[in-house]
Amino acid sequence: MQPDRDDDPLIDSEQVRQLLGVEKVDTVHLYLKRTRARIKDNLPIRPQDMPLPDQLFGGRMPAWRRSTITAWISSRPGRGRRGPEK
């Protein structure tokens, strides 16, 4: 893994949360947990599944290249059917 690059920095779960526009960082952790569960169960990775981290710090703290997350966000299907707009 290459060290952090100015043109494509490593970002942490909090920065991923901000890019996704979700309220809690726990949501990011849940997305990653679901992806890891699919891999463990030998199920194929789907477009909506969060990519695995590009790097782990201290063996536990995930980090992704900004480009990894922005590519995933742009390829994700919609958030599902919501109720009628009011």
# chains A, B, ... in the order shown; residues from 1 in each chain; ligands from 1
>>> select_by_dssp(residues="stretch 6-61 of chain A", states="alpha helix (DSSP H)", output="ChimeraX atom specification")
/A:13-20,25-40
>>> residues_around(residues="A:Thr68", least_positions_apart="3", cutoff="10 Å", atoms="only C-alpha atoms", output="VMD selection string")
chain A and resid 8 10 to 11 50 to 54 64 to 65 71 to 73
>>> atom_distance(atom1="atom CA of A:Leu56", atom2="atom CA of A:Gly78")
28.3 Å
>>> residues_around(residues="stretch 29-46 of chain A", least_positions_apart="6", cutoff="10 Å", atoms="only C-alpha atoms", output="compact mmCIF listing (two decimals) with C-alpha atoms, in the first residue's frame")
# COMPACT_ATOMS: atom_id res chain seq x y z
CA SER A 13 -14.77 6.46 8.89
CA GLU A 14 -15.76 9.96 10.01
CA ARG A 17 -19.69 9.48 7.00
CA LEU A 52 -13.17 -3.09 2.03
CA PRO A 53 -10.67 -0.63 3.50
CA PRO A 62 -10.17 1.25 8.53
CA ARG A 76 -24.37 2.74 -5.52
CA PRO A 77 -27.99 2.09 -6.35
>>> select_by_dssp(residues="chain A", states="strand (DSSP E or B)", output="number ranges by chain")
A: 5, 8, 10-11, 55-57, 61-65
